[in-house]
file protein.cif (mmCIF, C-alpha atoms)
data_target
loop_
_atom_site.label_atom_id
_atom_site.label_comp_id
_atom_site.auth_asym_id
_atom_site.auth_seq_id
_atom_site.Cartn_x
_atom_site.Cartn_y
_atom_site.Cartn_z
CA MET A 1 0.00 0.00 0.00
CA PRO A 2 1.26 3.51 -0.77
CA SER A 3 2.68 5.31 2.26
CA ARG A 4 2.42 9.09 2.44
CA VAL A 5 4.26 9.41 5.76
CA PRO A 6 7.77 9.85 4.26
CA LEU A 7 6.45 12.46 1.80
CA TRP A 8 4.75 14.39 4.58
CA GLY A 9 7.94 14.16 6.65
CA LEU A 10 9.95 15.67 3.80
CA LEU A 11 7.40 18.46 3.26
CA THR A 12 7.25 19.36 6.95
CA SER A 13 11.02 19.36 7.14
CA GLY A 14 11.17 21.61 4.07
CA ALA A 15 8.70 24.05 5.63
CA LEU A 16 10.80 24.30 8.81
CA ALA A 17 14.03 24.79 6.85
CA ALA A 18 12.55 27.42 4.51
CA THR A 19 11.05 29.34 7.42
CA GLY A 20 14.39 29.22 9.22
CA ILE A 21 16.19 30.72 6.22
CA VAL A 22 13.90 33.75 6.13
CA ILE A 23 13.90 34.16 9.92
CA THR A 24 17.68 34.39 9.97
CA LEU A 25 17.63 36.89 7.10
CA VAL A 26 15.50 39.08 9.39
CA VAL A 27 17.02 38.35 12.79
CA VAL A 28 20.76 38.31 11.98
CA PRO A 29 20.90 41.87 10.53
CA TRP A 30 18.92 43.10 13.53
CA TYR A 31 21.32 41.23 15.80
CA VAL A 32 24.17 43.15 14.15
CA LEU A 33 22.45 46.54 14.07
CA GLN A 34 21.29 46.47 17.69
CA PRO A 35 24.74 46.70 19.34
CA THR A 36 26.71 48.34 16.49
CA GLY A 37 24.25 50.54 14.60
CA SER A 38 26.34 49.88 11.48
CA PRO A 39 24.45 49.24 8.20
CA VAL A 40 27.79 48.41 6.56
CA ARG A 41 28.42 45.57 8.99
CA ALA A 42 24.87 44.31 8.49
CA GLY A 43 25.49 44.25 4.74
CA VAL A 44 28.76 42.37 5.18
CA VAL A 45 27.04 39.73 7.31
CA ALA A 46 24.28 39.33 4.72
CA ALA A 47 26.90 38.82 2.00
CA CYS A 48 28.69 36.25 4.18
CA GLU A 49 25.50 34.20 4.18
CA LEU A 50 24.47 34.56 0.52
CA VAL A 51 27.83 34.13 -1.24
CA PRO A 52 28.63 30.72 0.36
CA MET A 53 25.06 29.62 -0.41
CA MET A 54 25.62 30.44 -4.08
CA ILE A 55 28.97 28.60 -4.18
CA ALA A 56 27.57 25.58 -2.36
CA SER A 57 24.66 25.36 -4.82
CA LEU A 58 27.13 24.88 -7.66
CA VAL A 59 29.48 22.37 -6.04
CA ALA A 60 27.13 20.40 -3.76
CA GLY A 61 25.60 18.07 -6.36
CA PRO A 62 28.28 15.35 -6.30
CA ALA A 63 28.43 15.55 -2.49
CA VAL A 64 24.68 14.90 -2.24
CA GLU A 65 25.04 11.66 -4.22
CA ARG A 66 28.15 10.53 -2.33
CA LEU A 67 26.75 11.15 1.15
CA GLY A 68 23.21 10.04 0.36
CA ARG A 69 20.25 12.32 -0.12
CA ARG A 70 18.59 12.02 3.27
CA ARG A 71 21.92 12.10 5.08
CA THR A 72 22.87 15.31 3.26
CA ALA A 73 19.58 16.99 4.21
CA VAL A 74 20.01 15.95 7.86
CA LEU A 75 23.63 17.18 8.01
CA SER A 76 22.56 20.44 6.37
CA ASP A 77 19.94 21.10 9.05
CA VAL A 78 22.27 20.09 11.91
CA CYS A 79 25.08 22.35 10.63
CA SER A 80 22.63 25.24 10.24
CA ALA A 81 21.38 24.67 13.80
CA VAL A 82 24.91 24.60 15.21
CA ALA A 83 26.04 27.67 13.27
CA PHE A 84 23.10 29.93 14.13
CA GLY A 85 22.68 28.55 17.65
CA ALA A 86 26.35 29.22 18.43
CA ILE A 87 25.97 32.96 17.75
CA PRO A 88 23.92 33.84 20.85
CA LEU A 89 25.64 31.18 22.98
CA LEU A 90 29.10 32.60 22.30
CA TYR A 91 27.88 36.17 22.66
CA GLY A 92 26.34 35.40 26.03
CA THR A 93 29.37 33.51 27.41
CA VAL A 94 32.91 34.13 26.16
CA GLY A 95 32.02 36.92 23.75
CA LEU A 96 31.68 37.03 19.97
CA GLN A 97 34.00 38.89 17.62
CA PHE A 98 32.65 40.28 14.37
CA TRP A 99 34.80 37.94 12.27
CA GLN A 100 33.46 34.99 14.25
CA LEU A 101 29.91 36.11 13.54
CA CYS A 102 30.72 36.33 9.82
CA ALA A 103 32.30 32.86 9.88
CA LEU A 104 29.29 31.27 11.62
CA VAL A 105 26.84 32.93 9.25
CA ALA A 106 28.95 31.72 6.31
CA VAL A 107 28.81 28.15 7.64
CA GLY A 108 25.04 28.45 7.89
CA GLY A 109 24.79 29.70 4.33
CA LEU A 110 27.15 27.02 3.07
CA ALA A 111 25.11 24.27 4.73
CA ARG A 112 21.74 25.31 3.35
CA ALA A 113 22.17 24.73 -0.37
CA PRO A 114 23.03 21.00 -0.17
CA GLY A 115 19.97 20.43 2.03
CA MET A 116 17.61 22.13 -0.41
CA THR A 117 19.10 20.19 -3.33
CA ALA A 118 18.83 16.91 -1.42
CA ARG A 119 15.14 17.51 -0.72
CA ARG A 120 14.51 18.22 -4.39
CA VAL A 121 16.03 14.93 -5.53
CA LEU A 122 14.43 12.91 -2.72
CA LEU A 123 10.97 14.06 -3.75
CA PRO A 124 10.32 11.88 -6.87
CA MET A 125 11.04 8.64 -5.00
CA LEU A 126 8.79 9.62 -2.09
CA ALA A 127 6.02 10.81 -4.43
CA GLU A 128 6.07 7.47 -6.24
CA ALA A 129 5.95 5.58 -2.94
CA ALA A 130 2.98 7.70 -1.85
CA GLY A 131 1.12 7.19 -5.13
CA THR A 132 1.09 10.98 -5.64
CA PRO A 133 1.40 12.53 -9.13
CA LEU A 134 4.77 14.19 -9.59
CA GLU A 135 3.12 17.53 -10.46
CA ARG A 136 1.22 17.46 -7.17
CA ALA A 137 4.30 16.53 -5.13
CA THR A 138 6.50 19.22 -6.66
CA SER A 139 3.72 21.76 -6.10
CA ALA A 140 3.51 20.70 -2.46
CA LEU A 141 7.26 21.16 -1.95
CA SER A 142 7.21 24.55 -3.71
CA GLY A 143 4.17 25.46 -1.62
CA VAL A 144 5.84 24.73 1.70
CA TYR A 145 8.87 26.75 0.60
CA GLN A 146 6.60 29.66 -0.32
CA LEU A 147 4.76 29.32 2.95
CA GLY A 148 8.11 29.49 4.74
CA ASN A 149 9.02 32.62 2.78
CA LEU A 150 5.64 34.16 3.58
CA LEU A 151 5.73 33.37 7.30
CA GLY A 152 9.45 33.72 7.95
CA ALA A 153 9.62 37.53 7.97
CA PRO A 154 6.67 38.14 10.36
CA VAL A 155 7.77 35.24 12.57
CA GLY A 156 11.29 36.70 12.69
CA GLY A 157 9.89 40.11 13.63
CA LEU A 158 7.68 38.53 16.28
CA LEU A 159 10.62 36.63 17.77
CA ILE A 160 12.66 39.85 17.96
CA ALA A 161 9.77 41.62 19.72
CA LEU A 162 8.90 38.81 22.15
CA VAL A 163 12.20 37.15 23.06
CA GLY A 164 14.91 39.30 21.46
CA PRO A 165 17.21 38.49 18.53
CA ALA A 166 19.51 36.19 20.53
CA ASN A 167 16.73 33.93 21.74
CA GLY A 168 15.16 34.20 18.31
CA LEU A 169 18.25 32.56 16.83
CA LEU A 170 18.05 29.80 19.44
CA VAL A 171 14.42 29.13 18.48
CA THR A 172 15.45 29.00 14.82
CA ALA A 173 18.25 26.54 15.64
CA GLY A 174 15.66 24.38 17.43
CA GLY A 175 13.52 24.43 14.27
CA TYR A 176 16.45 23.13 12.22
CA LEU A 177 17.05 20.33 14.73
CA LEU A 178 13.37 19.38 14.59
CA SER A 179 13.62 19.29 10.79
CA ALA A 180 16.63 16.96 10.99
CA LEU A 181 14.78 14.72 13.46
CA LEU A 182 11.75 14.44 11.17
CA LEU A 183 13.97 13.49 8.23
CA THR A 184 15.77 10.86 10.30
CA MET A 185 12.60 9.28 11.67
CA LEU A 186 10.24 9.48 8.69
CA VAL A 187 12.22 9.59 5.44
CA PRO A 188 14.02 6.47 4.14
CA ASP A 189 17.70 6.81 3.33
CA THR A 190 19.18 6.45 -0.14
CA ARG A 191 22.41 4.72 -0.86
CA SER A 192 25.37 6.92 -1.66
CA ALA A 193 26.75 6.74 -5.15
CA PRO A 194 30.28 5.46 -5.72
CA GLY A 195 32.82 8.23 -6.17
CA GLY A 196 35.35 6.50 -8.38
CA THR A 197 35.16 9.03 -11.21
CA GLY A 198 36.39 11.89 -9.03
CA TYR A 199 34.55 14.84 -7.55
CA LEU A 200 35.61 17.37 -10.17
CA ARG A 201 34.69 14.96 -12.95
CA ASP A 202 31.24 14.53 -11.45
CA LEU A 203 30.87 18.29 -11.20
CA ARG A 204 31.95 18.74 -14.82
CA ASP A 205 29.46 16.08 -15.89
CA GLY A 206 26.63 18.09 -14.33
CA VAL A 207 27.70 21.32 -16.03
CA ALA A 208 28.20 19.47 -19.33
CA TYR A 209 24.72 17.99 -19.15
CA VAL A 210 23.17 21.44 -18.65
CA ALA A 211 25.19 22.86 -21.54
CA GLY A 212 24.37 19.93 -23.83
CA ASP A 213 20.62 19.60 -23.27
CA ARG A 214 18.77 22.31 -25.16
CA LEU A 215 15.70 22.26 -22.91
CA VAL A 216 17.66 22.35 -19.65
CA LEU A 217 19.88 25.13 -21.01
CA ALA A 218 16.76 27.07 -22.06
CA LEU A 219 15.32 26.63 -18.55
CA LEU A 220 18.55 27.92 -17.00
CA THR A 221 18.71 30.90 -19.34
CA MET A 222 15.10 31.93 -18.76
CA ALA A 223 15.35 31.40 -14.99
CA ALA A 224 18.55 33.44 -14.79
CA VAL A 225 17.29 36.39 -16.85
CA THR A 226 13.86 36.54 -15.23
CA ASN A 227 15.29 36.22 -11.71
CA MET A 228 17.68 39.05 -12.52
CA LEU A 229 14.71 41.24 -13.51
CA ASP A 230 12.72 40.01 -10.50
CA ARG A 231 15.59 41.08 -8.26
CA ALA A 232 15.59 44.52 -9.87
CA PHE A 233 11.85 44.67 -9.15
CA THR A 234 11.97 43.58 -5.50
CA ALA A 235 15.25 45.21 -4.45
CA VAL A 236 14.96 48.58 -6.22
CA LEU A 237 11.96 49.32 -8.44
CA LEU A 238 9.20 48.36 -5.99
CA PRO A 239 10.83 50.03 -2.93
CA VAL A 240 11.38 53.24 -4.95
CA TYR A 241 7.74 53.06 -6.12
CA ALA A 242 6.55 52.62 -2.53
CA THR A 243 8.66 55.57 -1.37
CA ASP A 244 8.18 58.04 -4.23
CA VAL A 245 4.68 57.16 -5.46
CA LEU A 246 2.84 55.57 -2.55
CA GLY A 247 4.77 57.47 0.11
CA SER A 248 4.45 54.57 2.52
CA ALA A 249 6.45 51.56 3.61
CA VAL A 250 3.10 49.93 4.43
CA GLY A 251 2.36 49.84 0.71
CA LEU A 252 5.60 47.95 0.14
CA GLY A 253 4.55 45.30 2.64
CA VAL A 254 1.08 45.04 1.11
CA VAL A 255 2.48 44.42 -2.37
CA PHE A 256 5.02 41.86 -1.14
CA GLY A 257 2.32 40.11 0.87
CA ALA A 258 -0.08 40.04 -2.10
CA MET A 259 2.61 38.54 -4.32
CA GLY A 260 3.53 35.87 -1.77
CA LEU A 261 -0.08 34.95 -1.06
CA GLY A 262 -0.82 34.75 -4.78
CA ALA A 263 2.14 32.44 -5.33
CA LEU A 264 0.94 30.15 -2.55
CA VAL A 265 -2.56 30.01 -4.07
CA GLY A 266 -1.13 29.40 -7.55
CA THR A 267 1.01 26.53 -6.34
CA ALA A 268 -2.00 24.94 -4.66
CA ILE A 269 -4.06 25.27 -7.85
CA PHE A 270 -1.31 23.75 -9.97
CA GLY A 271 -1.02 20.89 -7.49
CA VAL A 272 -4.66 20.03 -8.14
CA VAL A 273 -4.83 20.45 -11.93
CA GLY A 274 -1.19 20.47 -13.07
CA HIS A 275 -1.03 16.81 -14.04
CA ARG A 276 -3.81 17.45 -16.58
CA LEU A 277 -2.15 20.45 -18.26
CA PRO A 278 0.26 20.61 -21.21
CA LEU A 279 3.34 21.88 -19.40
CA ARG A 280 4.76 23.96 -22.26
CA SER A 281 1.58 26.03 -22.62
CA ALA A 282 1.11 26.33 -18.85
CA PHE A 283 4.73 27.42 -18.41
CA GLY A 284 4.57 30.03 -21.17
CA VAL A 285 1.25 31.50 -20.06
CA ALA A 286 2.35 31.60 -16.40
CA PHE A 287 5.50 33.53 -17.27
CA LEU A 288 3.60 35.96 -19.52
CA LEU A 289 1.17 36.72 -16.67
CA LEU A 290 3.90 36.92 -14.03
CA GLY A 291 6.43 39.09 -15.84
CA ALA A 292 5.71 42.26 -17.80
CA PRO A 293 2.25 43.05 -16.29
CA ARG A 294 3.75 43.81 -12.86
CA PHE A 295 6.10 46.42 -14.24
CA VAL A 296 3.47 47.99 -16.52
CA LEU A 297 0.96 48.13 -13.66
CA LEU A 298 3.34 50.11 -11.44
CA ALA A 299 4.15 52.46 -14.31
CA ALA A 300 0.46 53.04 -15.06
CA THR A 301 -1.24 53.57 -11.69
CA GLU A 302 -0.78 54.97 -8.19
CA ASP A 303 -3.77 53.07 -6.77
CA LEU A 304 -2.44 50.65 -4.13
CA ARG A 305 -5.59 48.50 -4.24
CA LEU A 306 -5.26 48.02 -7.99
CA VAL A 307 -1.55 47.27 -7.70
CA ALA A 308 -2.09 44.75 -4.91
CA ALA A 309 -4.87 42.98 -6.85
CA GLY A 310 -2.78 42.87 -10.03
CA VAL A 311 0.32 41.63 -8.24
CA PHE A 312 -1.77 38.93 -6.53
CA VAL A 313 -2.82 37.65 -9.97
CA CYS A 314 0.83 37.72 -11.08
CA GLY A 315 1.69 35.72 -7.97
CA VAL A 316 -0.94 33.10 -8.80
CA ALA A 317 0.72 32.64 -12.19
CA ALA A 318 4.15 32.46 -10.55
CA GLY A 319 3.00 29.59 -8.35
CA ALA A 320 3.04 27.17 -11.29
CA ILE A 321 6.54 27.96 -12.54
CA ASP A 322 8.79 26.28 -10.00
CA PRO A 323 6.78 23.00 -9.96
CA ILE A 324 6.85 22.86 -13.77
CA ILE A 325 10.63 23.31 -13.82
CA ALA A 326 11.04 20.62 -11.16
CA VAL A 327 8.80 18.17 -13.04
CA ALA A 328 10.66 18.83 -16.30
CA LEU A 329 14.05 18.22 -14.70
CA VAL A 330 12.93 15.00 -13.00
CA ARG A 331 11.58 13.67 -16.29
CA ARG A 332 14.47 14.93 -18.39
CA VAL A 333 17.58 14.37 -16.32
CA PRO A 334 18.88 10.88 -15.39
CA ASP A 335 18.48 10.20 -11.69
CA ALA A 336 22.24 9.99 -11.07
CA LEU A 337 22.72 13.53 -12.44
CA GLN A 338 19.75 15.27 -10.87
CA ALA A 339 21.50 16.65 -7.79
CA ARG A 340 24.28 18.09 -9.95
CA VAL A 341 21.89 19.63 -12.46
CA PHE A 342 19.65 21.14 -9.77
CA GLY A 343 22.76 22.61 -8.16
CA VAL A 344 24.01 24.17 -11.41
CA LEU A 345 20.61 25.74 -12.08
CA THR A 346 20.31 27.13 -8.55
CA ALA A 347 23.81 28.62 -8.72
CA GLY A 348 23.10 30.14 -12.13
CA VAL A 349 20.03 31.89 -10.74
CA LEU A 350 21.79 33.14 -7.59
CA ILE A 351 24.80 34.49 -9.47
CA VAL A 352 22.79 36.98 -11.51
CA MET A 353 20.58 38.30 -8.70
CA PRO A 354 23.08 40.95 -7.49
CA VAL A 355 23.39 42.07 -11.12
CA GLY A 356 19.63 42.60 -11.18
CA ALA A 357 19.71 44.81 -8.10
CA LEU A 358 22.54 46.86 -9.63
CA LEU A 359 20.71 47.08 -12.97
CA GLY A 360 17.56 48.34 -11.29
CA GLY A 361 19.47 51.05 -9.48
CA VAL A 362 21.28 52.18 -12.62
CA LEU A 363 18.04 52.33 -14.63
CA VAL A 364 16.23 54.42 -12.01
CA GLU A 365 19.19 56.79 -11.64
CA THR A 366 19.60 57.13 -15.41
CA VAL A 367 16.08 57.35 -16.86
CA GLY A 368 13.73 57.61 -13.88
CA LEU A 369 11.28 55.17 -12.28
CA ARG A 370 8.53 54.85 -14.89
CA PRO A 371 10.84 54.48 -17.91
CA ALA A 372 12.87 51.94 -15.91
CA LEU A 373 9.71 49.94 -15.20
CA LEU A 374 8.74 49.94 -18.89
CA ILE A 375 12.26 48.95 -20.02
CA ALA A 376 12.25 46.04 -17.56
CA ALA A 377 8.75 45.05 -18.75
CA ALA A 378 9.91 44.98 -22.38
CA GLY A 379 12.91 42.81 -21.49
CA TYR A 380 10.74 40.43 -19.48
CA LEU A 381 8.22 40.14 -22.32
CA LEU A 382 10.90 39.31 -24.89
CA VAL A 383 12.38 36.55 -22.73
CA THR A 384 9.04 35.01 -21.77
CA LEU A 385 7.88 34.70 -25.38
CA SER A 386 10.59 32.13 -26.03
CA PRO A 387 8.55 29.02 -25.01
CA PHE A 388 6.14 29.84 -27.85
CA VAL A 389 8.93 30.39 -30.40
CA PHE A 390 11.84 27.97 -29.97
CA PRO A 391 11.52 24.21 -30.64
CA ALA A 392 13.62 23.23 -27.60
CA TRP A 393 10.66 24.04 -25.34
CA ARG A 394 8.60 21.20 -26.83
CA GLY A 395 10.52 18.93 -24.46
CA LEU A 396 8.40 20.25 -21.57
CA ASP A 397 5.54 18.07 -22.79
CA SER A 398 7.67 14.93 -22.99
CA LYS A 399 6.80 12.16 -20.55
CA ARG A 400 10.15 10.40 -21.01
CA TYR A 401 12.19 9.94 -17.86
CA GLY A 402 15.97 10.21 -17.84
CA SER A 403 16.13 11.01 -21.57
CA LEU A 404 19.34 11.76 -23.37
CA ALA A 405 20.22 15.31 -24.34
CA ALA A 406 18.18 16.63 -27.22
#
call {"tool": "encode", "arguments": {"input": "protein.cif", "output": "structure tokens"}}
result
Amino acid sequence: MPSRVPLWGLLTSGALAATGIVITLVVVPWYVLQPTGSPVRAGVVAACELVPMMIASLVAGPAVERLGRRRTAVLSDVCSAVAFGAIPLLYGTVGLQFWQLCALVAVGGLARAPGMTARRVLLPMLAEAAGTPLERATSALSGVYQLGNLLGAPVGGLLIALVGPANGLLVTAGGYLLSALLLTMLVPDTRSAPGGTGYLRDLRDGVAYVAGDRLVLALLTMAAVTNMLDRAFTAVLLPVYATDVLGSAVGLGVVFGAMGLGALVGTAIFGVVGHRLPLRSAFGVAFLLLGAPRFVLLAATEDLRLVAAGVFVCGVAAGAIDPIIAVALVRRVPDALQARVFGVLTAGVLIVMPVGALLGGVLVETVGLRPALLIAAAGYLLVTLSPFVFPAWRGLDSKRYGSLAA
């Protein structure tokens, strides 16, 4: 009989880990700002977390297969718990130097990427054991990640207000340990792959597969470009709009909340109907609704209610994108290469995000807010038309598993 317990264990663990990531992104800068009052130091600490995460995403794939998928996820959570739990413990006992804080945050960032990759590649096996369609399982995992992103910031703020940033980090460390315990008790282990070919060879094989498969390369290219523009939107264009047009930071929170809630709803909808949809058409339409309309809407109106409603619809469309990519990669990429390919794609997306923030700032400084929004909308539209134009995207509708490069 199908057993859903391991799948639910993985999903609950993923929700705890995703929430912990966002909580630390809120609590750690506050922890730095409270005693020092230095925005520069807060920025340095944030970079110490994000840069190792990006590097680990690229190089972790072979390690996931060598250590075993469940074991990697458990070690990731334990290392995150130790790193972030040590910050308040050291500060409250022998003292904590700034370089030590940066080192601990870097360890936490380094540990996270392998755990997220391991959960991604564990999912197909657990979905099959549960008798759950792959589209529904990938939607569920994306949904719990989105729920973590949605809840993490307010939970982090609440922890700061109720127990202080130090105790907030201890609570977060406890959440990581609970995640590791759930994985250990409920999720079956996978055997590690032999490492006779060499780590660097395995890593090169993952990069070579991405470069040689036209569909996977198209997915990477679109994800990288659109995430770059998304970063320009969230880091610069939307905050400037909230400040200069709405005149309120509350408006910024409303728009972010509407987008996150929409994405959660969209993921749930795709989980119900996704296995009946042609993935190429669903992917293309979702990106068309997600991308350019947001930028045009901000350029066209100052009505916060209209903006929030429109961004909510964009978020609903966005909810289908990550599950479709995950389904395509599971069907397309041989099982032995999946951790490496997921890692390469994640790293490719993370690398360009700082470029997006810089691009958004340059556009606003150079041409002003509304022209910058329209330029970004035009770029987004051009990129998101590609699934309807290029033959490589036909592979999204293929049901073949572990196919060779096209």
call {"tool": "residues_around", "arguments": {"input": "protein.cif", "residues": "Ala111 of chain A", "least_positions_apart": "5", "cutoff": "12 Å", "atoms": "all atoms listed in the file", "output": "tab-separated table (two decimals) with C-alpha atoms, keeping the file's coordinate frame"}}
result
chain	number	residue	atom	x	y	z
A	17	ALA	CA	14.03	24.79	6.85
A	21	ILE	CA	16.19	30.72	6.22
A	49	GLU	CA	25.50	34.20	4.18
A	50	LEU	CA	24.47	34.56	0.52
A	51	VAL	CA	27.83	34.13	-1.24
A	52	PRO	CA	28.63	30.72	0.36
A	53	MET	CA	25.06	29.62	-0.41
A	54	MET	CA	25.62	30.44	-4.08
A	55	ILE	CA	28.97	28.60	-4.18
A	56	ALA	CA	27.57	25.58	-2.36
A	57	SER	CA	24.66	25.36	-4.82
A	59	VAL	CA	29.48	22.37	-6.04
A	60	ALA	CA	27.13	20.40	-3.76
A	63	ALA	CA	28.43	15.55	-2.49
A	64	VAL	CA	24.68	14.90	-2.24
A	72	THR	CA	22.87	15.31	3.26
A	73	ALA	CA	19.58	16.99	4.21
A	74	VAL	CA	20.01	15.95	7.86
A	75	LEU	CA	23.63	17.18	8.01
A	76	SER	CA	22.56	20.44	6.37
A	77	ASP	CA	19.94	21.10	9.05
A	78	VAL	CA	22.27	20.09	11.91
A	79	CYS	CA	25.08	22.35	10.63
A	80	SER	CA	22.63	25.24	10.24
A	81	ALA	CA	21.38	24.67	13.80
A	82	VAL	CA	24.91	24.60	15.21
A	83	ALA	CA	26.04	27.67	13.27
A	84	PHE	CA	23.10	29.93	14.13
A	104	LEU	CA	29.29	31.27	11.62
A	105	VAL	CA	26.84	32.93	9.25
A	106	ALA	CA	28.95	31.72	6.31
A	116	MET	CA	17.61	22.13	-0.41
A	117	THR	CA	19.10	20.19	-3.33
A	118	ALA	CA	18.83	16.91	-1.42
A	176	TYR	CA	16.45	23.13	12.22
call {"tool": "residues_around", "arguments": {"input": "protein.cif", "residues": "segment 284-291 of chain A", "least_positions_apart": "4", "cutoff": "7 Å", "atoms": "only C-alpha atoms", "output": "NGL selection string"}}
result
:A and (280 or 314-315 or 317-318 or 320-321 or 380-381 or 384 or 387-388)
call {"tool": "resolve_selection", "arguments": {"input": "protein.cif", "expression": "the PyMOL selection byres ((chain A and resi 226-242) around 7)", "output": "list in words"}}
result
Met222, Ala223, Ala224, Val225, Thr243, Asp244, Val245, Leu246, Gly247, Ser248, Ala249, Gly251, Leu252, Val349, Val352, Met353, Val355, Gly356, Ala357, Leu359, Gly360, Gly361, Ala376 and Tyr380 of chain A
call {"tool": "atom_distance", "arguments": {"input": "protein.cif", "atom1": "atom CA of Thr12 of chain A", "atom2": "atom CA of Leu67 of chain A"}}
result
21.9 Å
call {"tool": "closest_residue", "arguments": {"input": "protein.cif", "among": "A:Leu169, A:Ser142, A:Leu150, A:Val341", "to": "Tyr31 of chain A", "atoms": "all atoms listed in the file"}}
result
A:Leu169
call {"tool": "residues_around", "arguments": {"input": "protein.cif", "residues": "Ala263 of chain A", "least_positions_apart": "2", "cutoff": "6 Å", "atoms": "all atoms listed in the file", "output": "JSON list (two decimals) with C-alpha atoms, keeping the file's coordinate frame"}}
result
[["chain", "number", "residue", "atom", "x", "y", "z"],
["A", 260, "GLY", "CA", 3.53, 35.87, -1.77],
["A", 261, "LEU", "CA", -0.08, 34.95, -1.06],
["A", 265, "VAL", "CA", -2.56, 30.01, -4.07],
["A", 266, "GLY", "CA", -1.13, 29.40, -7.55],
["A", 315, "GLY", "CA", 1.69, 35.72, -7.97],
["A", 316, "VAL", "CA", -0.94, 33.10, -8.80],
["A", 318, "ALA", "CA", 4.15, 32.46, -10.55],
["A", 319, "GLY", "CA", 3.00, 29.59, -8.35]]
call {"tool": "closest_residue", "arguments": {"input": "protein.cif", "among": "A:Leu215, A:Leu304, A:Val330, A:Val22", "to": "Val155 of chain A", "atoms": "all atoms listed in the file"}}
result
A:Val22
call {"tool": "atom_distance", "arguments": {"input": "protein.cif", "atom1": "atom CA of Ala326 of chain A", "atom2": "atom CA of Val389 of chain A"}}
result
21.7 Å
call {"tool": "resolve_selection", "arguments": {"input": "protein.cif", "expression": "the PyMOL selection byres ((chain A and resi 9) around 9)", "output": "VMD selection string"}}
result
chain A and resid 4 to 8 10 to 14 179 182 to 183 185 to 187
call {"tool": "decode", "arguments": {"input": "protein.cif", "residues": "segment 198-212 of chain A", "atoms": "N, CA and C atoms", "output": "PDB file, in the first residue's frame"}}
result
ATOM      1  N   GLY A 198      35.793  10.658  -9.510  1.00  0.00           N
ATOM      2  CA  GLY A 198      36.393  11.886  -9.026  1.00  0.00           C
ATOM      3  C   GLY A 198      35.372  13.002  -8.891  1.00  0.00           C
ATOM      4  N   TYR A 199      35.532  13.794  -7.850  1.00  0.00           N
ATOM      5  CA  TYR A 199      34.550  14.844  -7.545  1.00  0.00           C
ATOM      6  C   TYR A 199      34.463  15.872  -8.664  1.00  0.00           C
ATOM      7  N   LEU A 200      35.619  16.357  -9.124  1.00  0.00           N
ATOM      8  CA  LEU A 200      35.612  17.374 -10.173  1.00  0.00           C
ATOM      9  C   LEU A 200      35.030  16.831 -11.471  1.00  0.00           C
ATOM     10  N   ARG A 201      35.284  15.560 -11.757  1.00  0.00           N
ATOM     11  CA  ARG A 201      34.694  14.959 -12.951  1.00  0.00           C
ATOM     12  C   ARG A 201      33.171  14.916 -12.830  1.00  0.00           C
ATOM     13  N   ASP A 202      32.678  14.541 -11.661  1.00  0.00           N
ATOM     14  CA  ASP A 202      31.241  14.526 -11.446  1.00  0.00           C
ATOM     15  C   ASP A 202      30.648  15.928 -11.618  1.00  0.00           C
ATOM     16  N   LEU A 203      31.349  16.917 -11.074  1.00  0.00           N
ATOM     17  CA  LEU A 203      30.873  18.291 -11.195  1.00  0.00           C
ATOM     18  C   LEU A 203      30.845  18.733 -12.651  1.00  0.00           C
ATOM     19  N   ARG A 204      31.895  18.401 -13.395  1.00  0.00           N
ATOM     20  CA  ARG A 204      31.950  18.744 -14.822  1.00  0.00           C
ATOM     21  C   ARG A 204      30.838  18.042 -15.593  1.00  0.00           C
ATOM     22  N   ASP A 205      30.529  16.804 -15.209  1.00  0.00           N
ATOM     23  CA  ASP A 205      29.462  16.081 -15.892  1.00  0.00           C
ATOM     24  C   ASP A 205      28.124  16.808 -15.730  1.00  0.00           C
ATOM     25  N   GLY A 206      27.870  17.345 -14.542  1.00  0.00           N
ATOM     26  CA  GLY A 206      26.631  18.090 -14.326  1.00  0.00           C
ATOM     27  C   GLY A 206      26.562  19.346 -15.176  1.00  0.00           C
ATOM     28  N   VAL A 207      27.659  20.100 -15.206  1.00  0.00           N
ATOM     29  CA  VAL A 207      27.703  21.319 -16.025  1.00  0.00           C
ATOM     30  C   VAL A 207      27.576  20.965 -17.503  1.00  0.00           C
ATOM     31  N   ALA A 208      28.259  19.887 -17.929  1.00  0.00           N
ATOM     32  CA  ALA A 208      28.204  19.470 -19.332  1.00  0.00           C
ATOM     33  C   ALA A 208      26.801  19.052 -19.725  1.00  0.00           C
ATOM     34  N   TYR A 209      26.079  18.387 -18.822  1.00  0.00           N
ATOM     35  CA  TYR A 209      24.717  17.989 -19.153  1.00  0.00           C
ATOM     36  C   TYR A 209      23.841  19.216 -19.376  1.00  0.00           C
ATOM     37  N   VAL A 210      23.961  20.209 -18.494  1.00  0.00           N
ATOM     38  CA  VAL A 210      23.172  21.436 -18.647  1.00  0.00           C
ATOM     39  C   VAL A 210      23.493  22.117 -19.974  1.00  0.00           C
ATOM     40  N   ALA A 211      24.782  22.194 -20.301  1.00  0.00           N
ATOM     41  CA  ALA A 211      25.190  22.859 -21.540  1.00  0.00           C
ATOM     42  C   ALA A 211      24.764  22.084 -22.780  1.00  0.00           C
ATOM     43  N   GLY A 212      24.645  20.746 -22.667  1.00  0.00           N
ATOM     44  CA  GLY A 212      24.371  19.930 -23.832  1.00  0.00           C
ATOM     45  C   GLY A 212      22.910  19.612 -24.071  1.00  0.00           C
TER      46      GLY A 212
END
